[in-house]
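Asker: One file: query13.cif (mmCIF, C-alpha atoms).
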data_my_file
loop_
_atom_site.label_atom_id
_atom_site.label_comp_id
_atom_site.auth_asym_id
_atom_site.auth_seq_id
_atom_site.Cartn_x
_atom_site.Cartn_y
_atom_site.Cartn_z
CA MET A 10 22.08 89.03 4.58
CA GLU A 11 20.38 85.70 5.18
CA ASN A 12 21.85 85.37 8.66
CA LEU A 13 20.44 88.72 9.74
CA HIS A 14 16.88 88.04 8.59
CA SER A 15 16.72 84.65 10.32
CA MET A 16 17.99 85.84 13.70
CA GLU A 17 15.73 86.10 16.72
CA PHE A 18 16.83 88.90 19.02
CA GLU A 19 14.40 88.48 21.91
CA LYS A 20 16.75 86.13 23.73
CA TYR A 21 19.36 88.87 24.04
CA LYS A 22 17.18 91.18 26.10
CA LYS A 23 18.08 89.43 29.33
CA TYR A 24 21.77 90.19 28.68
CA LEU A 25 21.35 93.96 28.45
CA ILE A 26 22.98 95.94 31.23
CA SER A 27 22.98 99.64 31.97
CA THR A 28 26.03 101.62 33.00
CA TRP A 29 23.90 104.65 33.91
CA LEU A 30 22.97 105.63 37.41
CA PRO A 31 19.35 104.59 38.14
CA GLU A 32 18.06 108.15 38.00
CA TYR A 33 19.38 108.53 34.43
CA GLU A 34 18.34 105.18 32.95
CA ALA A 35 14.98 106.40 31.62
CA GLU A 36 16.66 109.34 29.91
CA HIS A 37 19.55 107.34 28.47
CA THR A 38 18.41 104.10 26.85
CA GLU A 39 21.82 102.92 25.61
CA ARG A 40 22.77 99.51 26.97
CA ASP A 41 25.70 97.11 26.83
CA LEU A 42 25.57 93.36 26.36
CA MET A 43 26.81 91.20 29.20
CA VAL A 44 29.83 89.10 28.20
CA GLU A 45 27.73 85.92 28.06
CA GLY A 46 25.30 87.56 25.65
CA TRP A 47 28.13 89.00 23.58
CA ASN A 48 29.79 85.60 23.22
CA MET A 49 26.47 84.13 22.11
CA LEU A 50 26.02 86.92 19.55
CA LEU A 51 29.57 86.50 18.20
CA ASP A 52 28.92 82.80 17.69
CA GLU A 53 25.52 83.32 16.07
CA VAL A 54 26.72 86.03 13.69
CA PHE A 55 30.22 84.91 12.80
CA SER A 56 30.17 81.10 12.87
CA PRO A 57 28.03 80.65 9.72
CA LEU A 58 30.12 83.24 7.85
CA ILE A 59 33.44 81.77 8.96
CA ALA A 60 32.30 78.24 8.10
CA LYS A 61 31.17 79.39 4.65
CA GLU A 62 34.15 81.58 3.75
CA LEU A 63 37.02 79.88 5.61
CA GLY A 64 35.83 76.38 6.46
CA MET A 65 36.47 76.79 10.18
CA ARG A 66 34.27 75.60 13.03
CA TYR A 67 33.52 77.31 16.33
CA LEU A 68 35.39 75.88 19.31
CA GLY A 69 33.88 78.19 21.92
CA ASN A 70 35.63 80.93 23.84
CA ARG A 71 35.60 83.19 20.74
CA ILE A 72 37.85 80.84 18.73
CA TRP A 73 37.33 79.24 15.31
CA ALA A 74 39.67 76.70 13.70
CA ASP A 75 39.86 73.94 11.13
CA ASP A 76 41.31 70.44 11.57
CA TYR A 77 45.01 69.63 11.66
CA CYS A 78 46.70 69.03 8.31
CA ASN A 79 50.44 68.48 8.11
CA HIS A 80 50.85 69.21 11.84
CA ARG A 81 49.10 72.58 11.79
CA ARG A 82 45.70 74.22 11.64
CA ARG A 83 44.38 77.69 10.98
CA VAL A 84 43.00 79.67 13.91
CA LEU A 85 40.77 82.74 13.88
CA SER A 86 39.88 84.37 17.19
CA LEU A 87 38.87 87.58 18.89
CA PHE A 88 41.62 90.11 19.45
CA GLN A 89 40.15 92.10 22.30
CA GLN A 90 41.36 95.68 22.64
CA THR A 91 39.03 96.60 25.51
CA ASP A 92 36.39 94.92 27.67
CA LEU A 93 33.78 96.34 25.31
CA GLY A 94 35.17 95.53 21.89
CA GLY A 95 37.70 93.91 19.61
CA SER A 96 38.54 92.67 16.14
CA PHE A 97 39.93 89.47 14.66
CA LYS A 98 43.37 87.92 14.81
CA TRP A 99 44.35 85.08 12.49
CA GLY A 100 47.25 82.65 12.55
CA TRP A 101 48.47 79.08 12.99
CA ASN A 102 48.43 76.42 15.72
CA TYR A 103 51.08 73.64 15.50
CA ASP A 104 50.91 70.24 17.13
CA PHE A 105 54.69 69.94 17.64
CA ILE A 106 55.39 73.41 19.05
CA PRO A 107 54.73 73.77 22.79
CA LYS A 108 53.80 76.82 24.80
CA MET A 109 54.86 77.73 28.32
CA SER A 110 52.61 76.73 31.20
CA ALA A 111 53.83 76.99 34.80
CA LYS A 112 57.38 77.37 33.45
CA LYS A 113 57.11 74.11 31.51
CA ALA A 114 56.73 73.31 27.83
CA VAL A 115 53.31 71.81 27.07
CA TYR A 116 51.76 70.84 23.77
CA VAL A 117 48.59 72.63 22.62
CA ARG A 118 46.94 70.03 20.44
CA THR A 119 43.30 69.84 21.54
CA ASP A 120 40.33 72.12 20.91
CA LYS A 121 40.38 73.17 24.55
CA SER A 122 44.12 73.89 24.65
CA ILE A 123 44.35 75.50 21.21
CA PHE A 124 46.95 78.24 20.94
CA THR A 125 47.90 80.65 18.15
CA HIS A 126 51.67 80.39 17.77
CA PHE A 127 51.94 83.42 15.52
CA PHE A 128 49.33 85.75 14.09
CA GLU A 129 48.38 89.00 12.47
CA ASN A 130 45.62 91.44 13.32
CA ILE A 131 44.37 94.65 11.78
CA TRP A 132 46.21 97.00 14.08
CA GLU A 133 49.67 96.57 12.65
CA ASN A 134 49.39 94.75 9.36
CA HIS A 135 51.99 94.36 6.67
CA ASN A 136 49.10 94.35 4.20
CA LYS A 137 47.59 97.74 3.46
CA ILE A 138 43.94 98.29 4.23
CA VAL A 139 42.51 99.52 0.95
CA GLU A 140 42.02 103.26 1.16
CA GLY A 141 38.57 104.52 0.36
CA LYS A 142 36.87 101.24 1.25
CA CYS A 143 37.21 101.03 4.99
CA GLN A 144 39.08 102.21 8.03
CA LYS A 145 40.43 100.12 10.89
CA ALA A 146 37.40 101.17 12.93
CA ASP A 147 35.17 99.46 10.34
CA MET A 148 36.86 96.15 11.19
CA THR A 149 36.00 96.22 14.88
CA PHE A 150 32.90 95.01 16.74
CA ASN A 151 31.71 95.79 20.22
CA ARG A 152 29.05 94.85 22.76
CA CYS A 153 27.80 98.31 23.60
CA TYR A 154 25.41 100.93 22.21
CA ILE A 155 22.29 98.78 22.11
CA ASP A 156 19.26 101.07 22.26
CA SER A 157 16.76 99.42 24.60
CA ALA A 158 14.02 101.81 23.39
CA ASP A 159 14.46 100.55 19.80
CA PHE A 160 15.83 97.12 20.61
CA GLU A 161 14.99 95.12 17.47
CA ASN A 162 16.29 97.73 15.05
CA SER A 163 19.33 98.44 17.20
CA MET A 164 20.29 94.76 17.27
CA ARG A 165 19.86 94.51 13.51
CA GLN A 166 22.18 97.45 13.04
CA ARG A 167 24.70 95.87 15.39
CA VAL A 168 24.61 92.60 13.43
CA LYS A 169 25.02 94.44 10.12
CA ALA A 170 28.10 96.15 11.53
CA TYR A 171 29.51 92.78 12.67
CA GLU A 172 28.97 91.22 9.27
CA ALA A 173 30.55 94.21 7.53
CA ALA A 174 33.56 94.01 9.88
CA PHE A 175 34.06 90.36 8.94
CA TYR A 176 33.89 90.96 5.21
CA TYR A 177 36.18 94.01 5.44
CA THR A 178 38.71 91.84 7.27
CA LEU A 179 38.31 88.72 5.14
CA PRO A 180 40.72 89.79 2.33
CA LEU A 181 43.50 90.31 4.89
CA ILE A 182 42.82 86.90 6.42
CA ARG A 183 42.86 85.16 3.06
CA SER A 184 46.01 87.00 2.03
CA PHE A 185 47.79 85.89 5.20
CA TYR A 186 46.97 82.22 4.67
CA GLU A 187 47.93 82.42 1.02
CA GLU A 188 51.27 83.93 2.03
CA THR A 189 51.88 81.23 4.68
CA LYS A 190 50.62 78.15 2.84
CA THR A 191 54.04 76.46 3.06
CA TYR A 192 56.31 76.16 6.07
CA GLU A 193 59.02 78.14 4.33
CA GLN A 194 56.55 80.93 3.65
CA SER A 195 55.50 80.87 7.31
CA ILE A 196 59.11 81.38 8.37
CA LYS A 197 59.37 84.27 5.94
CA MET A 198 56.18 85.77 7.40
CA ILE A 199 57.54 85.48 10.94
CA ASN A 200 60.66 87.34 9.82
CA THR A 201 58.37 90.08 8.47
CA LEU A 202 56.49 90.25 11.76
CA LEU A 203 59.76 90.40 13.69
CA GLU A 204 60.58 93.62 11.85
CA SER A 205 57.60 95.21 13.62
CA SER A 206 58.13 96.43 17.17
CA TYR A 207 54.38 96.07 17.66
CA TYR A 208 54.32 92.34 16.88
CA ARG A 209 57.49 91.73 18.88
CA LEU A 210 55.74 93.39 21.82
CA ILE A 211 52.39 91.58 21.70
CA GLN A 212 53.71 88.14 20.70
CA GLY A 213 56.89 88.22 22.74
CA ASN A 214 59.30 85.33 22.46
CA TYR A 215 56.73 83.12 20.74
CA LEU A 216 57.68 84.60 17.38
CA TYR A 217 61.28 83.53 17.93
CA LEU A 218 60.28 80.21 19.48
CA THR A 219 57.95 79.34 16.59
CA LYS A 220 60.55 80.33 14.02
CA ILE A 221 63.19 78.10 15.66
CA PHE A 222 60.88 75.07 15.79
CA LEU A 223 59.72 75.58 12.20
CA GLN A 224 63.27 75.98 10.92
CA GLN A 225 64.26 72.76 12.64
CA TYR A 226 61.26 70.96 11.14
CA VAL A 227 62.16 71.97 7.57
CA SER A 228 65.93 71.63 8.13
CA LEU A 229 66.74 75.31 7.85
CA GLY A 230 69.11 77.20 10.12
CA GLU A 231 72.38 75.92 11.54
CA GLU A 232 72.07 77.02 15.17
CA ASN A 233 68.44 76.36 16.05
CA GLU A 234 69.20 74.47 19.24
CA LYS A 235 71.69 77.11 20.35
CA GLU A 236 69.15 79.88 19.72
CA LEU A 237 66.50 77.95 21.63
CA ARG A 238 68.80 77.60 24.62
CA GLU A 239 69.42 81.33 24.64
CA LEU A 240 65.69 82.12 24.84
CA PHE A 241 65.36 80.90 28.42
CA VAL A 242 66.87 82.05 31.70
CA ASN A 243 65.38 79.32 33.88
CA ASP A 244 67.27 76.03 33.53
CA ASN A 245 64.24 73.82 34.10
CA THR A 246 62.19 75.72 31.53
CA ARG A 247 65.02 75.48 29.03
CA GLU A 248 65.35 71.74 29.49
CA SER A 249 61.60 71.28 29.17
CA PHE A 250 61.56 73.03 25.80
CA LEU A 251 64.70 71.25 24.61
CA LYS A 252 63.00 67.92 25.33
CA LYS A 253 60.07 68.90 23.08
CA PHE A 254 62.53 70.29 20.52
CA ALA A 255 64.17 66.86 20.26
CA GLN A 256 60.75 65.34 19.47
CA ILE A 257 60.05 67.47 16.39
CA PRO A 258 58.72 65.15 13.65
CA LYS A 259 61.11 64.05 10.92
CA ASP A 260 58.45 63.64 8.26
CA TYR A 261 58.74 66.97 6.41
CA ARG A 262 58.97 66.67 2.65
#
Could you show the structure in this file as structure tokens?
Answerer:
Amino acid sequence: MENLHSMEFEKYKKYLISTWLPEYEAEHTERDLMVEGWNMLLDEVFSPLIAKELGMRYLGNRIWADDYCNHRRRVLSLFQQTDLGGSFKWGWNYDFIPKMSAKKAVYVRTDKSIFTHFFENIWENHNKIVEGKCQKADMTFNRCYIDSADFENSMRQRVKAYEAAFYYTLPLIRSFYEETKTYEQSIKMINTLLESSYYRLIQGNYLYLTKIFLQQYVSLGEENEKELRELFVNDNTRESFLKKFAQIPKDYR
């Protein structure tokens, strides 16, 4: 664990916060990290591992990605279940598929505007987590339970848990990208995700929207424009997306 041994933890002390009433703080030494400190720790722990294993760079705001290739790039980011913890989600960002902003279709092509058009996470995965090796809880990481009375050791244990969570999750991430390495495979994956009520709930109409745009790009599907029209109730929103739909590149081979 090279990363662990080279880390300096002193700088994180100023980000420790107590959720105990003042009269109980001396008795209970558990502390949480402020969000700013947590973000810094996530970057320091995960960015070298993600760069080494997946070739992605940190964009800030708990998001890692690589560069565009063939109109798309891989995105790995924090999937936050609570204010105190989360896990990873992994998916794709496309330069020709817009997202909704203020009821209009806008492209998400820059590092600052990056968007994950469809994704998986550990909570409802079509891949099976290998029994006997880890549980879903092993793939999460949080910003709490830092022992201020044993700060150095507590931080080391926290970092070890983060690194273990990444490497437990890594096979699922690699499997996903292997299974979506072509556009046709991505469409197939979206169809798999659409079979899950969980993914339909958390990704909403973006699963359908992404599928329609991808099908049009690879010349699959006979009623893509009709299906796109039916996604929207607001006329202005519909027309905004149809305008972007008409601009889908024609360079797929």
Asker: Using only C-alpha atoms, which residue out of A:Phe150, A:Tyr171, A:Phe254, A:Tyr226 lies closest to Thr91 of chain A?
Answerer: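 Result for the nearest residue to Thr91 of chain A: A:Phe150.
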Asker: Would you write out, as an MDAnalysis selection string, every residue that the PyMOL selection byres ((chain A and resi 14-25) around 9) captures in this file?
Answerer: chainID A and resid 10:13 26:27 40:47 49:50 53:54 155 157 160:161 164:165
Asker: In Å, with one decimal, what is the gap from atom CA of Gln256 of chain A to atom CA of Met198 of chain A?
Answerer: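 Separation of atom CA of Gln256 of chain A and atom CA of Met198 of chain A: 24.2 Å.
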Asker: Env of Ile211 of chain A: 12 Å cut, atoms = only C-alpha atoms, seq-sep filter 5 positions within chain, self excluded. Answer as a ChimeraX atom specification.
Answerer: /A:88,90,98,126-130,132-133,202-203,205-206,216
Asker: Would you save the residues from that selection as a tab-separated table (two decimals), keeping the file's coordinate frame, using C-alpha atoms?
Answerer:
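Ended up saving to again_12.tsv:
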chain	number	residue	atom	x	y	z
A	88	PHE	CA	41.62	90.11	19.45
A	90	GLN	CA	41.36	95.68	22.64
A	98	LYS	CA	43.37	87.92	14.81
A	126	HIS	CA	51.67	80.39	17.77
A	127	PHE	CA	51.94	83.42	15.52
A	128	PHE	CA	49.33	85.75	14.09
A	129	GLU	CA	48.38	89.00	12.47
A	130	ASN	CA	45.62	91.44	13.32
A	132	TRP	CA	46.21	97.00	14.08
A	133	GLU	CA	49.67	96.57	12.65
A	202	LEU	CA	56.49	90.25	11.76
A	203	LEU	CA	59.76	90.40	13.69
A	205	SER	CA	57.60	95.21	13.62
A	206	SER	CA	58.13	96.43	17.17
A	216	LEU	CA	57.68	84.60	17.38
Asker: Report as a PyMOL selection string the residues that result from applying the PyMOL selection byres ((chain A and resi 114) around 8) to the structure here.
Answerer: chain A and resi 107-110+112-113+115-116+246+249-250+253
Asker: List the spatial neighbours of segment 175-183 of chain A as a PDB file with C-alpha atoms, in the frame of the given file - criterion: any atom at most 7 Å away, only C-alpha atoms, same-chain residues fewer than 6 positions off excluded.
Answerer:
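The resulting out_31.pdb:
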ATOM      1  CA  TRP A  99      44.350  85.080  12.490  1.00  0.00           C
ATOM      2  CA  ASN A 136      49.100  94.350   4.200  1.00  0.00           C
ATOM      3  CA  MET A 148      36.860  96.150  11.190  1.00  0.00           C
TER       4      MET A 148
END
Asker: Could you pull the residues within 8 Å of Leu93 of chain A, counting all atoms listed in the file, minus those fewer than 3 positions along the same chain, as a PDB file with C-alpha atoms, in the frame of the given file?
Answerer:
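Contents of the output file part-v9.pdb:
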ATOM      1  CA  ASN A 151      31.710  95.790  20.220  1.00  0.00           C
ATOM      2  CA  ARG A 152      29.050  94.850  22.760  1.00  0.00           C
ATOM      3  CA  CYS A 153      27.800  98.310  23.600  1.00  0.00           C
TER       4      CYS A 153
END
Asker: What gap, in Å, lies between atom CA of Tyr261 of chain A and atom CA of Gln212 of chain A?
Answerer: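 If I compute the distance from atom CA of Tyr261 of chain A to atom CA of Gln212 of chain A, I get 26.0 Å.
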Asker: For the structure provided, state which residues fall under the PyMOL selection byres ((chain A and resi 73) around 8), and present them as a PyMOL selection string.
Answerer: chain A and resi 56+59+65-69+71-72+74-75+84-86
Asker: Let me have the centre and edge lengths of the axis-aligned box enclosing all listed atoms of segment 58-67 of chain A with 3 Å padding on every side, in Å to one decimal, as AutoDock Vina command-line options.
Answerer:
--center_x 33.6 --center_y 79.4 --center_z 10.0 --size_x 12.9 --size_y 13.6 --size_z 18.6
Asker: Please report the interatomic distance between atom CA of Tyr208 of chain A and atom CA of Gln89 of chain A in Å with one decimal.
Answerer: 15.2 Å
Asker: Give the answer as one residue: which of A:Lys145, A:Trp29, A:Thr38, A:Ser184 has the shortest atom-to-atom distance to Ser163 of chain A, using all atoms listed in the file?
Answerer: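 Among A:Lys145, A:Trp29, A:Thr38, A:Ser184, it is A:Thr38 that comes nearest to Ser163 of chain A.
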